[in-house]
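What's in run_33.cif: mmCIF, C-alpha atoms
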data_entry
loop_
_atom_site.label_atom_id
_atom_site.label_comp_id
_atom_site.auth_asym_id
_atom_site.auth_seq_id
_atom_site.Cartn_x
_atom_site.Cartn_y
_atom_site.Cartn_z
CA MET A 1 94.46 72.18 117.52
CA ILE A 2 95.43 72.37 113.85
CA ASP A 3 96.49 69.21 112.05
CA ILE A 4 100.12 69.69 111.04
CA MET A 5 99.37 68.40 107.54
CA THR A 6 97.04 71.36 106.89
CA LEU A 7 99.85 73.87 107.42
CA PRO A 8 101.13 73.81 103.80
CA ALA A 9 97.66 74.94 102.66
CA VAL A 10 97.59 77.56 105.43
CA ASN A 11 101.05 78.74 104.32
CA ALA A 12 99.97 79.02 100.69
CA THR A 13 96.86 80.96 101.72
CA LEU A 14 98.86 83.36 103.90
CA ASN A 15 101.35 83.91 101.08
CA GLY A 16 98.49 84.60 98.67
CA ILE A 17 96.92 87.10 101.05
CA SER A 18 100.30 88.81 101.53
CA THR A 19 100.72 89.07 97.76
CA VAL A 20 97.30 90.67 97.37
CA LEU A 21 98.01 93.11 100.20
CA LEU A 22 101.44 94.07 98.83
CA THR A 23 100.03 94.58 95.34
CA SER A 24 97.13 96.62 96.70
CA GLY A 25 99.54 98.70 98.77
CA TYR A 26 101.64 99.40 95.70
CA VAL A 27 98.59 100.54 93.73
CA LEU A 28 97.41 102.68 96.65
CA ILE A 29 100.74 104.48 97.09
CA ARG A 30 100.93 105.14 93.35
CA ARG A 31 97.51 106.81 93.68
CA GLY A 32 98.65 108.88 96.66
CA ARG A 33 96.41 107.12 99.17
CA ILE A 34 98.95 107.02 101.97
CA ALA A 35 96.69 105.99 104.87
CA GLN A 36 95.26 103.02 102.95
CA HIS A 37 98.74 102.07 101.72
CA ARG A 38 99.99 102.09 105.30
CA LEU A 39 97.18 99.77 106.44
CA CYS A 40 97.88 97.36 103.57
CA MET A 41 101.58 97.26 104.37
CA ILE A 42 100.97 96.62 108.08
CA ALA A 43 98.46 93.88 107.22
CA ALA A 44 100.95 92.36 104.74
CA PHE A 45 103.67 92.39 107.41
CA LEU A 46 101.40 90.70 109.95
CA THR A 47 100.22 88.12 107.42
CA SER A 48 103.82 87.38 106.42
CA THR A 49 104.76 87.02 110.08
CA LEU A 50 101.96 84.48 110.55
CA PHE A 51 103.26 82.66 107.48
CA LEU A 52 106.78 82.54 108.92
CA VAL A 53 105.55 81.16 112.24
CA SER A 54 103.38 78.56 110.50
CA TYR A 55 106.21 77.60 108.13
CA LEU A 56 108.68 77.16 110.99
CA VAL A 57 106.20 75.12 113.07
CA TYR A 58 105.55 72.84 110.10
CA HIS A 59 109.22 72.27 109.32
CA LEU A 60 110.17 71.81 112.98
CA GLN A 61 107.55 69.06 113.18
CA ILE A 62 108.11 67.40 109.80
CA GLY A 63 111.84 67.93 109.38
CA SER A 64 113.67 68.21 106.09
CA GLN A 65 112.92 66.14 103.03
CA SER A 66 115.70 64.86 100.81
CA TYR A 67 115.55 65.57 97.09
CA THR A 68 115.86 62.27 95.24
CA GLY A 69 115.89 63.54 91.64
CA GLN A 70 118.92 63.02 89.42
CA GLY A 71 120.52 64.63 86.40
CA PRO A 72 120.16 68.24 85.23
CA LEU A 73 116.94 68.74 87.19
CA ARG A 74 118.88 68.18 90.41
CA ILE A 75 121.20 71.09 89.54
CA VAL A 76 118.23 73.34 88.78
CA TYR A 77 116.50 72.28 92.01
CA PHE A 78 119.52 73.10 94.17
CA ALA A 79 120.21 76.38 92.37
CA VAL A 80 116.64 77.49 93.08
CA LEU A 81 116.80 76.15 96.65
CA ILE A 82 120.07 77.93 97.48
CA SER A 83 118.89 81.26 96.08
CA HIS A 84 115.55 80.83 97.91
CA VAL A 85 117.27 80.15 101.24
CA ILE A 86 119.58 83.16 100.89
CA LEU A 87 116.72 85.50 99.96
CA ALA A 88 114.46 84.07 102.69
CA ALA A 89 117.17 84.78 105.28
CA LEU A 90 117.49 88.38 104.09
CA ILE A 91 113.77 89.18 104.07
CA PRO A 92 112.98 89.37 107.84
CA PRO A 93 115.62 91.99 108.70
CA LEU A 94 114.85 93.98 105.56
CA ALA A 95 111.12 93.82 106.27
CA LEU A 96 111.67 95.02 109.85
CA LEU A 97 113.89 97.86 108.64
CA THR A 98 111.36 98.91 106.01
CA LEU A 99 108.45 98.66 108.46
CA SER A 100 110.24 100.77 111.07
CA ARG A 101 111.14 103.41 108.46
CA GLY A 102 107.57 103.45 107.20
CA LEU A 103 106.08 103.80 110.66
CA ARG A 104 108.44 106.74 111.33
CA ARG A 105 107.51 108.22 107.92
CA ASP A 106 111.19 108.19 107.01
CA ASP A 107 110.35 108.12 103.30
CA ALA A 108 112.35 111.07 102.04
#
Output the structure of this file as structure tokens.
Amino acid sequence: MIDIMTLPAVNATLNGISTVLLTSGYVLIRRGRIAQHRLCMIAAFLTSTLFLVSYLVYHLQIGSQSYTGQGPLRIVYFAVLISHVILAALIPPLALLTLSRGLRRDDA
């Protein structure tokens, strides 16, 4: 069993791997290497899915943490947090849509 306190490091690693895969996939498609691009994108999707599961497990166990900062930094923190939450909620359906279109080769 994994110690819950190791999950932030696991999450960071999974995010890093996803970033490398997405970047590699971009380079591959620009070079016309469709089969390799496809593998990178599928691997990035799976890695991101593992991240999401790990992230949710961690936060379901730990709960939320209150921000205790004050002043202008508090405004910046919440502006970043709100935009992050909105974008994070949009990503799963958009990723599923993009993956399904890619698997169908609906790229025209």
Each residue of stretch 61-102 of chain A lying at most 12 Å from stretch 46-49 of chain A should get a row with its shortest atom-to-atom pair and the distance in Å to one decimal, counting all atoms listed in the file; could you produce that, ordered by chain and increasing number, as CSV?
residue,atom,partner,partner_atom,distance
A:Ala88,CA,A:Ser48,CA,11.8
A:Ile91,CA,A:Ser48,CA,10.4
A:Pro92,CA,A:Thr49,CA,8.8
A:Ala95,CA,A:Ser48,CA,9.7
A:Leu96,CA,A:Thr49,CA,10.6
A:Leu99,CA,A:Leu46,CA,10.7
So the first atom is atom CA of A:Ile17 and the second is atom CA of A:His59; what is the distance between them in Å, to one decimal place? 21.0 Å
Between A:Val57, A:Gly63, A:Gly102, A:Leu94, which residue has the minimum interatomic distance to A:Asp3, considering only C-alpha atoms? A:Val57
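Of the residues under consideration (A:Leu50, A:Leu81, A:Leu60, A:Ile75), A:Leu50 shows the shortest atom-to-atom contact distance to A:Thr13 when counting only C-alpha atoms.
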Point out the residue among A:Val76, A:Leu7, A:Ile82, A:Leu22 with the least atom-to-atom distance to A:Leu52, counting all atoms listed in the file. A:Leu7
Identify, on the basis of only C-alpha atoms, every residue whose closest approach to A:Tyr26 does not exceed 12 Å; exclude the query and any residue fewer than 2 positions from it along the same chain; express the result as number ranges by chain. A: 19-24, 28-34, 36-41, 44
What is the atom CA of A:Gly71-atom CA of A:Ala12 distance in Å, reported with one decimal?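 One can read the atom CA of A:Gly71 to atom CA of A:Ala12 distance as 28.9 Å.
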The centre and edge lengths of an axis-aligned box containing all atoms of stretch 60-63 of chain A present in the file, extended by 8 Å on each side, are to be given in Å to one decimal, as AutoDock Vina command-line options.
--center_x 109.7 --center_y 69.6 --center_z 111.3 --size_x 20.3 --size_y 20.4 --size_z 19.8
Save stretch 16-28 of chain A to disk from that block, N, CA and C atoms included, as a PDB file, in the first residue's frame.
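What follows is the written file part.pdb:
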ATOM      1  N   GLY A  16       4.727  15.469 -14.895  1.00  0.00           N
ATOM      2  CA  GLY A  16       5.955  15.649 -15.678  1.00  0.00           C
ATOM      3  C   GLY A  16       6.014  14.699 -16.865  1.00  0.00           C
ATOM      4  N   ILE A  17       5.666  13.447 -16.622  1.00  0.00           N
ATOM      5  CA  ILE A  17       5.654  12.449 -17.698  1.00  0.00           C
ATOM      6  C   ILE A  17       4.632  12.845 -18.770  1.00  0.00           C
ATOM      7  N   SER A  18       3.458  13.291 -18.333  1.00  0.00           N
ATOM      8  CA  SER A  18       2.433  13.730 -19.295  1.00  0.00           C
ATOM      9  C   SER A  18       2.935  14.889 -20.135  1.00  0.00           C
ATOM     10  N   THR A  19       3.624  15.825 -19.507  1.00  0.00           N
ATOM     11  CA  THR A  19       4.167  16.972 -20.237  1.00  0.00           C
ATOM     12  C   THR A  19       5.167  16.531 -21.288  1.00  0.00           C
ATOM     13  N   VAL A  20       6.048  15.613 -20.929  1.00  0.00           N
ATOM     14  CA  VAL A  20       7.035  15.098 -21.883  1.00  0.00           C
ATOM     15  C   VAL A  20       6.333  14.382 -23.037  1.00  0.00           C
ATOM     16  N   LEU A  21       5.331  13.578 -22.723  1.00  0.00           N
ATOM     17  CA  LEU A  21       4.601  12.849 -23.763  1.00  0.00           C
ATOM     18  C   LEU A  21       3.841  13.796 -24.689  1.00  0.00           C
ATOM     19  N   LEU A  22       3.189  14.802 -24.128  1.00  0.00           N
ATOM     20  CA  LEU A  22       2.458  15.765 -24.960  1.00  0.00           C
ATOM     21  C   LEU A  22       3.404  16.554 -25.860  1.00  0.00           C
ATOM     22  N   THR A  23       4.530  16.964 -25.306  1.00  0.00           N
ATOM     23  CA  THR A  23       5.517  17.702 -26.100  1.00  0.00           C
ATOM     24  C   THR A  23       6.088  16.820 -27.198  1.00  0.00           C
ATOM     25  N   SER A  24       6.407  15.584 -26.853  1.00  0.00           N
ATOM     26  CA  SER A  24       6.924  14.644 -27.854  1.00  0.00           C
ATOM     27  C   SER A  24       5.894  14.392 -28.942  1.00  0.00           C
ATOM     28  N   GLY A  25       4.636  14.234 -28.544  1.00  0.00           N
ATOM     29  CA  GLY A  25       3.569  14.025 -29.518  1.00  0.00           C
ATOM     30  C   GLY A  25       3.424  15.201 -30.464  1.00  0.00           C
ATOM     31  N   TYR A  26       3.564  16.411 -29.933  1.00  0.00           N
ATOM     32  CA  TYR A  26       3.493  17.601 -30.772  1.00  0.00           C
ATOM     33  C   TYR A  26       4.626  17.601 -31.802  1.00  0.00           C
ATOM     34  N   VAL A  27       5.827  17.314 -31.340  1.00  0.00           N
ATOM     35  CA  VAL A  27       6.984  17.278 -32.254  1.00  0.00           C
ATOM     36  C   VAL A  27       6.777  16.195 -33.311  1.00  0.00           C
ATOM     37  N   LEU A  28       6.294  15.033 -32.880  1.00  0.00           N
ATOM     38  CA  LEU A  28       6.091  13.924 -33.816  1.00  0.00           C
ATOM     39  C   LEU A  28       5.057  14.258 -34.889  1.00  0.00           C
TER      40      LEU A  28
END
